[in-house]
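As provided, run-v1.tsv (TSV, N, CA and C atoms and all ligand atoms) reads as follows.
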```
chain	number	residue	atom	x	y	z
A	130	MET	N	156.17	91.59	59.73
A	130	MET	CA	156.41	92.16	61.05
A	130	MET	C	155.28	93.11	61.45
A	131	PHE	N	154.90	93.90	60.48
A	131	PHE	CA	153.85	94.89	60.75
A	131	PHE	C	152.56	94.20	61.22
A	132	SER	N	152.22	93.13	60.53
A	132	SER	CA	150.98	92.45	60.88
A	132	SER	C	151.07	91.77	62.25
A	133	LEU	N	152.28	91.28	62.59
A	133	LEU	CA	152.46	90.65	63.90
A	133	LEU	C	152.28	91.68	65.01
A	134	LYS	N	152.77	92.88	64.79
A	134	LYS	CA	152.68	93.92	65.80
A	134	LYS	C	151.24	94.43	65.93
A	135	ARG	N	150.55	94.37	64.84
A	135	ARG	CA	149.24	94.97	64.79
A	135	ARG	C	148.12	94.04	65.33
A	136	SER	N	148.32	92.76	65.17
A	136	SER	CA	147.21	91.85	65.49
A	136	SER	C	146.78	91.87	66.97
A	137	PRO	N	147.71	92.01	67.93
A	137	PRO	CA	147.21	92.08	69.32
A	137	PRO	C	146.31	93.30	69.55
A	138	MET	N	146.65	94.39	68.89
A	138	MET	CA	145.82	95.60	69.00
A	138	MET	C	144.42	95.33	68.46
A	139	LEU	N	144.40	94.68	67.33
A	139	LEU	CA	143.11	94.36	66.72
A	139	LEU	C	142.29	93.46	67.63
A	140	SER	N	142.96	92.48	68.23
A	140	SER	CA	142.25	91.57	69.13
A	140	SER	C	141.67	92.33	70.31
A	141	ALA	N	142.48	93.24	70.85
A	141	ALA	CA	142.00	94.03	71.98
A	141	ALA	C	140.79	94.86	71.58
A	142	ALA	N	140.89	95.45	70.40
A	142	ALA	CA	139.77	96.27	69.92
A	142	ALA	C	138.53	95.42	69.71
A	143	THR	N	138.72	94.25	69.15
A	143	THR	CA	137.59	93.35	68.91
A	143	THR	C	136.95	92.93	70.23
A	144	LEU	N	137.80	92.65	71.21
A	144	LEU	CA	137.31	92.23	72.52
A	144	LEU	C	136.50	93.36	73.17
A	145	LEU	N	137.03	94.57	73.06
A	145	LEU	CA	136.36	95.72	73.64
A	145	LEU	C	134.98	95.91	73.02
A	146	VAL	N	134.94	95.85	71.70
A	146	VAL	CA	133.68	96.03	70.99
A	146	VAL	C	132.71	94.92	71.40
A	147	THR	N	133.20	93.70	71.51
A	147	THR	CA	132.36	92.58	71.90
A	147	THR	C	131.77	92.82	73.29
A	148	CYS	N	132.58	93.33	74.21
A	148	CYS	CA	132.11	93.60	75.57
A	148	CYS	C	131.01	94.64	75.57
A	149	ILE	N	131.22	95.69	74.80
A	149	ILE	CA	130.23	96.77	74.75
A	149	ILE	C	128.90	96.23	74.22
A	150	PHE	N	128.99	95.44	73.16
A	150	PHE	CA	127.75	94.92	72.60
A	150	PHE	C	127.09	93.91	73.53
A	151	SER	N	127.88	93.15	74.26
A	151	SER	CA	127.31	92.19	75.21
A	151	SER	C	126.56	92.93	76.30
A	152	ALA	N	127.16	94.03	76.78
A	152	ALA	CA	126.53	94.81	77.84
A	152	ALA	C	125.21	95.39	77.35
A	153	GLN	N	125.19	95.85	76.10
A	153	GLN	CA	123.96	96.42	75.57
A	153	GLN	C	122.91	95.35	75.34
A	154	ALA	N	123.38	94.14	75.09
A	154	ALA	CA	122.44	93.07	74.81
A	154	ALA	C	121.65	92.67	76.06
A	155	LEU	N	122.20	92.94	77.26
A	155	LEU	CA	121.46	92.65	78.48
A	155	LEU	C	120.21	93.51	78.51
A	156	ALA	N	119.10	92.87	78.72
A	156	ALA	CA	117.83	93.61	78.69
A	156	ALA	C	117.71	94.53	79.89
A	157	HIS	N	117.28	95.71	79.65
A	157	HIS	CA	116.94	96.62	80.74
A	157	HIS	C	115.47	96.40	81.10
A	158	ALA	N	115.06	97.02	82.20
A	158	ALA	CA	113.66	96.89	82.60
A	158	ALA	C	112.80	97.87	81.82
A	159	HIS	N	112.19	97.37	80.79
A	159	HIS	CA	111.24	98.20	80.04
A	159	HIS	C	109.83	97.87	80.51
A	160	LEU	N	108.96	98.85	80.43
A	160	LEU	CA	107.59	98.63	80.86
A	160	LEU	C	106.89	97.69	79.88
A	161	LYS	N	106.40	96.57	80.42
A	161	LYS	CA	105.78	95.56	79.57
A	161	LYS	C	104.27	95.80	79.47
A	162	ASN	N	103.64	95.98	80.63
A	162	ASN	CA	102.23	96.37	80.63
A	162	ASN	C	101.91	97.04	81.95
A	163	GLN	N	100.75	97.60	82.03
A	163	GLN	CA	100.40	98.38	83.21
A	163	GLN	C	98.89	98.41	83.41
A	164	TYR	N	98.47	98.59	84.67
A	164	TYR	CA	97.05	98.74	84.99
A	164	TYR	C	96.86	99.99	85.85
A	165	PRO	N	95.99	100.91	85.50
A	165	PRO	CA	95.24	100.93	84.26
A	165	PRO	C	96.16	101.03	83.05
A	166	ALA	N	95.72	100.48	81.94
A	166	ALA	CA	96.56	100.46	80.74
A	166	ALA	C	96.80	101.86	80.21
A	167	ALA	N	97.92	102.02	79.53
A	167	ALA	CA	98.22	103.28	78.88
A	167	ALA	C	97.09	103.65	77.93
A	168	ASN	N	96.67	104.88	77.99
A	168	ASN	CA	95.61	105.45	77.14
A	168	ASN	C	94.22	104.89	77.44
A	169	ALA	N	94.10	104.11	78.51
A	169	ALA	CA	92.78	103.57	78.87
A	169	ALA	C	91.92	104.68	79.47
A	170	ASN	N	90.60	104.49	79.37
A	170	ASN	CA	89.65	105.40	79.99
A	170	ASN	C	88.78	104.54	80.90
A	171	VAL	N	89.20	104.39	82.16
A	171	VAL	CA	88.55	103.43	83.06
A	171	VAL	C	87.29	104.02	83.69
A	172	ASP	N	86.36	103.12	84.04
A	172	ASP	CA	85.08	103.55	84.59
A	172	ASP	C	85.21	104.12	86.00
A	173	ALA	N	86.11	103.55	86.78
A	173	ALA	CA	86.25	103.97	88.17
A	173	ALA	C	87.72	104.02	88.54
A	174	SER	N	88.02	104.73	89.59
A	174	SER	CA	89.41	104.84	90.03
A	174	SER	C	89.95	103.48	90.47
A	175	PRO	N	91.15	103.15	90.06
A	175	PRO	CA	91.77	101.94	90.60
A	175	PRO	C	92.19	102.20	92.05
A	176	GLN	N	92.46	101.14	92.80
A	176	GLN	CA	92.98	101.32	94.16
A	176	GLN	C	94.49	101.46	94.15
A	177	ALA	N	95.09	100.96	93.07
A	177	ALA	CA	96.54	101.02	92.95
A	177	ALA	C	96.89	100.96	91.47
A	178	LEU	N	98.07	101.46	91.15
A	178	LEU	CA	98.60	101.27	89.80
A	178	LEU	C	99.53	100.07	89.85
A	179	THR	N	99.52	99.27	88.82
A	179	THR	CA	100.40	98.12	88.73
A	179	THR	C	101.21	98.23	87.45
A	180	LEU	N	102.52	98.21	87.57
A	180	LEU	CA	103.40	98.31	86.40
A	180	LEU	C	104.25	97.06	86.34
A	181	THR	N	104.21	96.38	85.21
A	181	THR	CA	104.98	95.16	85.04
A	181	THR	C	106.09	95.41	84.03
A	182	PHE	N	107.32	95.03	84.42
A	182	PHE	CA	108.49	95.30	83.59
A	182	PHE	C	109.04	94.02	82.98
A	183	THR	N	109.93	94.20	82.02
A	183	THR	CA	110.51	93.05	81.33
A	183	THR	C	111.60	92.38	82.16
A	184	GLU	N	112.07	93.06	83.22
A	184	GLU	CA	113.13	92.51	84.07
A	184	GLU	C	112.74	92.74	85.52
A	185	ASP	N	113.35	92.00	86.43
A	185	ASP	CA	113.13	92.24	87.85
A	185	ASP	C	113.71	93.60	88.23
A	186	ILE	N	113.09	94.22	89.22
A	186	ILE	CA	113.48	95.58	89.60
A	186	ILE	C	113.86	95.67	91.08
A	187	GLU	N	114.58	96.73	91.41
A	187	GLU	CA	114.95	97.03	92.79
A	187	GLU	C	113.97	98.08	93.31
A	188	PRO	N	113.06	97.68	94.23
A	188	PRO	CA	112.00	98.62	94.64
A	188	PRO	C	112.54	99.86	95.35
A	189	ALA	N	113.68	99.73	96.06
A	189	ALA	CA	114.21	100.88	96.80
A	189	ALA	C	114.59	102.02	95.87
A	190	PHE	N	114.88	101.70	94.62
A	190	PHE	CA	115.32	102.73	93.68
A	190	PHE	C	114.34	102.87	92.52
A	191	SER	N	113.10	102.49	92.78
A	191	SER	CA	112.09	102.56	91.73
A	191	SER	C	110.89	103.32	92.28
A	192	GLY	N	110.22	104.04	91.43
A	192	GLY	CA	109.07	104.79	91.91
A	192	GLY	C	108.25	105.36	90.77
A	193	VAL	N	107.11	105.91	91.18
A	193	VAL	CA	106.15	106.43	90.22
A	193	VAL	C	105.61	107.75	90.75
A	194	ALA	N	105.50	108.74	89.88
A	194	ALA	CA	104.86	110.00	90.24
A	194	ALA	C	103.66	110.17	89.31
A	195	ILE	N	102.51	110.44	89.91
A	195	ILE	CA	101.28	110.60	89.12
A	195	ILE	C	100.84	112.06	89.23
A	196	THR	N	100.53	112.65	88.10
A	196	THR	CA	100.02	114.01	88.13
A	196	THR	C	98.69	114.06	87.40
A	197	GLY	N	97.79	114.87	87.95
A	197	GLY	CA	96.49	115.06	87.33
A	197	GLY	C	96.43	116.39	86.61
A	198	ALA	N	95.21	116.88	86.44
A	198	ALA	CA	95.02	118.15	85.72
A	198	ALA	C	95.83	119.25	86.41
A	199	GLY	N	96.41	120.12	85.62
A	199	GLY	CA	97.18	121.23	86.17
A	199	GLY	C	98.45	120.80	86.87
A	200	GLN	N	98.98	119.64	86.50
A	200	GLN	CA	100.24	119.13	87.05
A	200	GLN	C	100.16	118.86	88.56
A	201	GLN	N	98.97	118.72	89.07
A	201	GLN	CA	98.81	118.48	90.50
A	201	GLN	C	99.21	117.04	90.84
A	202	ALA	N	100.07	116.91	91.86
A	202	ALA	CA	100.55	115.58	92.23
A	202	ALA	C	99.46	114.77	92.91
A	203	VAL	N	99.37	113.50	92.56
A	203	VAL	CA	98.44	112.58	93.19
A	203	VAL	C	99.16	111.90	94.34
A	204	SER	N	98.49	111.86	95.50
A	204	SER	CA	99.11	111.26	96.69
A	204	SER	C	99.08	109.74	96.60
A	205	THR	N	100.23	109.12	96.74
A	205	THR	CA	100.31	107.66	96.71
A	205	THR	C	101.10	107.17	97.91
A	206	ALA	N	100.90	105.90	98.22
A	206	ALA	CA	101.77	105.26	99.20
A	206	ALA	C	103.07	104.90	98.49
A	207	LYS	N	104.05	104.47	99.24
A	207	LYS	CA	105.33	104.11	98.65
A	207	LYS	C	105.15	102.92	97.70
A	208	ALA	N	105.80	103.00	96.55
A	208	ALA	CA	105.72	101.91	95.59
A	208	ALA	C	106.37	100.66	96.17
A	209	GLU	N	105.72	99.52	95.96
A	209	GLU	CA	106.24	98.25	96.48
A	209	GLU	C	106.38	97.26	95.34
A	210	ARG	N	107.34	96.36	95.51
A	210	ARG	CA	107.47	95.29	94.53
A	210	ARG	C	106.51	94.17	94.93
A	211	ALA	N	105.83	93.60	93.94
A	211	ALA	CA	104.92	92.50	94.24
A	211	ALA	C	105.71	91.36	94.88
A	212	PRO	N	105.19	90.78	95.99
A	212	PRO	CA	105.96	89.78	96.74
A	212	PRO	C	106.44	88.60	95.92
A	213	LYS	N	105.60	88.14	95.00
A	213	LYS	CA	105.97	86.93	94.26
A	213	LYS	C	106.30	87.21	92.80
A	214	GLN	N	106.30	88.47	92.44
A	214	GLN	CA	106.60	88.80	91.05
A	214	GLN	C	107.55	90.00	91.07
A	215	HIS	N	108.83	89.71	90.99
A	215	HIS	CA	109.82	90.75	91.23
A	215	HIS	C	110.02	91.72	90.08
A	216	ASN	N	109.22	91.55	89.03
A	216	ASN	CA	109.27	92.53	87.93
A	216	ASN	C	108.04	93.44	87.96
A	217	GLN	N	107.31	93.40	89.08
A	217	GLN	CA	106.07	94.16	89.15
A	217	GLN	C	106.09	95.17	90.30
A	218	LEU	N	105.74	96.40	89.97
A	218	LEU	CA	105.70	97.49	90.94
A	218	LEU	C	104.25	97.86	91.19
A	219	ILE	N	103.89	97.94	92.47
A	219	ILE	CA	102.52	98.28	92.85
A	219	ILE	C	102.54	99.62	93.58
A	220	VAL	N	101.69	100.52	93.14
A	220	VAL	CA	101.66	101.86	93.73
A	220	VAL	C	100.25	102.13	94.26
A	221	PRO	N	100.02	101.91	95.57
A	221	PRO	CA	98.69	102.14	96.13
A	221	PRO	C	98.35	103.64	96.15
A	222	LEU	N	97.11	103.94	95.82
A	222	LEU	CA	96.65	105.33	95.85
A	222	LEU	C	96.08	105.63	97.23
A	223	ASN	N	96.38	106.81	97.76
A	223	ASN	CA	95.87	107.17	99.09
A	223	ASN	C	94.41	107.55	99.07
A	224	GLN	N	93.94	108.00	97.91
A	224	GLN	CA	92.51	108.30	97.77
A	224	GLN	C	92.10	108.06	96.32
A	225	PRO	N	90.79	107.82	96.11
A	225	PRO	CA	90.35	107.53	94.74
A	225	PRO	C	90.63	108.71	93.81
A	226	LEU	N	90.89	108.40	92.57
A	226	LEU	CA	91.12	109.44	91.57
A	226	LEU	C	89.78	110.00	91.10
A	227	LYS	N	89.74	111.32	91.01
A	227	LYS	CA	88.55	111.94	90.43
A	227	LYS	C	88.56	111.73	88.93
A	228	SER	N	87.43	112.02	88.32
A	228	SER	CA	87.39	111.88	86.88
A	228	SER	C	88.34	112.89	86.24
A	229	GLY	N	89.04	112.45	85.22
A	229	GLY	CA	90.03	113.32	84.58
A	229	GLY	C	91.16	112.49	84.02
A	230	SER	N	92.14	113.17	83.47
A	230	SER	CA	93.26	112.43	82.89
A	230	SER	C	94.50	112.56	83.78
A	231	TYR	N	95.31	111.51	83.75
A	231	TYR	CA	96.47	111.42	84.64
A	231	TYR	C	97.70	111.01	83.86
A	232	GLN	N	98.82	111.59	84.27
A	232	GLN	CA	100.09	111.23	83.67
A	232	GLN	C	100.90	110.45	84.70
A	233	VAL	N	101.49	109.36	84.26
A	233	VAL	CA	102.29	108.51	85.15
A	233	VAL	C	103.75	108.60	84.69
A	234	ASN	N	104.61	109.07	85.56
A	234	ASN	CA	106.05	109.12	85.29
A	234	ASN	C	106.73	108.06	86.14
A	235	TRP	N	107.28	107.05	85.51
A	235	TRP	CA	107.91	105.96	86.28
A	235	TRP	C	109.42	105.96	86.07
A	236	HIS	N	110.11	105.48	87.08
A	236	HIS	CA	111.56	105.24	86.93
A	236	HIS	C	111.87	103.97	87.72
A	237	VAL	N	112.68	103.13	87.17
A	237	VAL	CA	113.05	101.90	87.88
A	237	VAL	C	114.54	101.62	87.72
A	238	LEU	N	115.04	100.90	88.71
A	238	LEU	CA	116.39	100.35	88.62
A	238	LEU	C	116.21	98.84	88.47
A	239	SER	N	116.72	98.29	87.40
A	239	SER	CA	116.60	96.85	87.22
A	239	SER	C	117.70	96.15	88.01
A	240	VAL	N	117.53	94.85	88.22
A	240	VAL	CA	118.50	94.11	89.02
A	240	VAL	C	119.86	94.06	88.34
A	241	ASP	N	119.93	94.35	87.04
A	241	ASP	CA	121.24	94.40	86.37
A	241	ASP	C	121.91	95.76	86.55
A	242	GLY	N	121.27	96.65	87.32
A	242	GLY	CA	121.91	97.92	87.66
A	242	GLY	C	121.65	99.05	86.69
A	243	HIS	N	120.74	98.85	85.75
A	243	HIS	CA	120.46	99.91	84.77
A	243	HIS	C	119.17	100.64	85.13
A	244	LYS	N	119.19	101.93	84.92
A	244	LYS	CA	118.01	102.75	85.18
A	244	LYS	C	117.24	102.97	83.88
A	245	THR	N	115.93	102.90	83.98
A	245	THR	CA	115.10	103.27	82.84
A	245	THR	C	113.94	104.11	83.38
A	246	GLN	N	113.31	104.84	82.48
A	246	GLN	CA	112.17	105.67	82.89
A	246	GLN	C	111.25	105.88	81.71
A	247	GLY	N	110.04	106.29	82.02
A	247	GLY	CA	109.09	106.53	80.95
A	247	GLY	C	107.83	107.19	81.47
A	248	THR	N	106.93	107.43	80.56
A	248	THR	CA	105.70	108.17	80.87
A	248	THR	C	104.54	107.57	80.08
A	249	TYR	N	103.39	107.52	80.70
A	249	TYR	CA	102.18	107.21	79.95
A	249	TYR	C	101.00	107.91	80.61
A	250	THR	N	99.89	107.91	79.94
A	250	THR	CA	98.71	108.57	80.51
A	250	THR	C	97.52	107.62	80.48
A	251	PHE	N	96.58	107.87	81.36
A	251	PHE	CA	95.29	107.18	81.31
A	251	PHE	C	94.26	108.15	81.89
A	252	SER	N	93.00	107.80	81.76
A	252	SER	CA	91.99	108.69	82.34
A	252	SER	C	90.89	107.91	83.02
A	253	VAL	N	90.21	108.62	83.92
A	253	VAL	CA	89.11	108.05	84.68
A	253	VAL	C	87.84	108.78	84.23
A	254	LYS	N	86.81	108.00	83.92
A	254	LYS	CA	85.55	108.60	83.42
A	254	LYS	C	84.86	109.40	84.50
B	301	CU	CU	120.16	96.68	81.67
```
Spell out the structure here as structure tokens.
Amino acid sequence: MFSLKRSPMLSAATLLVTCIFSAQALAHAHLKNQYPAANANVDASPQALTLTFTEDIEPAFSGVAITGAGQQAVSTAKAERAPKQHNQLIVPLNQPLKSGSYQVNWHVLSVDGHKTQGTYTFSVK
């Protein structure tokens, strides 16, 4: 009798655990690669930063903040999703970057509804 009463509970618990693990198994949008590359020391300022993620992203809820020496914000245009590549975010720069190092703080919302964020740096010679 005890086991009969207990088994539905166990099934429910197993189902719950399975759901949680399935949800975690869905890939979030992690940064796959970027231009300029992380830790790169490029010869000249890029015209835009390009960030490519492992999943498609929602551009309305995704963005990038760039800071230079002394935490000074770099002026950029609004980040846009590449028209034919929905996992790619393009961030046009309003003016060329001076020589120095820059920190890129990105945040994205993937199409599965999960938010991710991260940071990397690069420098301009
Ligand atoms: Cu996700």
- [ ] Rank A:Gln200, A:Val193, A:Pro165, A:Gln217 by their smallest atom-to-atom distance to Thr181 of chain A, using all atoms listed in the file, and report the top residue only.
- [x] A:Gln217
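Using all atoms listed in the file, the nearest neighbour of Val203 of chain A within the list A:Ser252, A:Thr179, A:Gln224, A:Asn216 is A:Gln224.
For the set A:Thr205, A:Asn162, A:Ser230, A:Asp241, the residue with the smallest atom-to-atom gap to Asp185 of chain A is A:Asp241, counting only C-alpha atoms.
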For chain A against ligand CU 301 (chain B), with a cut-off of 6 Å and counting only C-alpha atoms and all ligand atoms, what is the closest atom pair and its distance in Å to one decimal for every residue that makes the cut, ordered by chain and number, as CSV?
```
residue,atom,partner,partner_atom,distance
A:Leu155,CA,B:CU301,CU,5.3
A:Ala156,CA,B:CU301,CU,4.9
A:His157,CA,B:CU301,CU,3.4
A:Asp241,CA,B:CU301,CU,5.3
A:His243,CA,B:CU301,CU,4.5
```
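Going from atom C of Leu218 of chain A over to atom C of Thr248 of chain A, you cover 14.8 Å.
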TODO: Would you mind reading off the distance between atom C of Lys227 of chain A and atom C of Ala194 of chain A, one decimal, in Å?
DONE: 15.2 Å
Open item on the list: Can you pull out every residue from segment 133-251 of chain A that DSSP, working from the backbone, puts in strand (DSSP E or B), and format the result as a ChimeraX atom specification?
Closed with: /A:160-164,170-171,177-182,186-196,202,205,209-211,214-222,229-239,244-251
8 Å per side around segment 241-247 of chain A: axis-aligned box centre and edge lengths, as JSON:
```
{"center_x": 114.9, "center_y": 100.8, "center_z": 84.3, "size_x": 30.1, "size_y": 28.8, "size_z": 22.7}
```
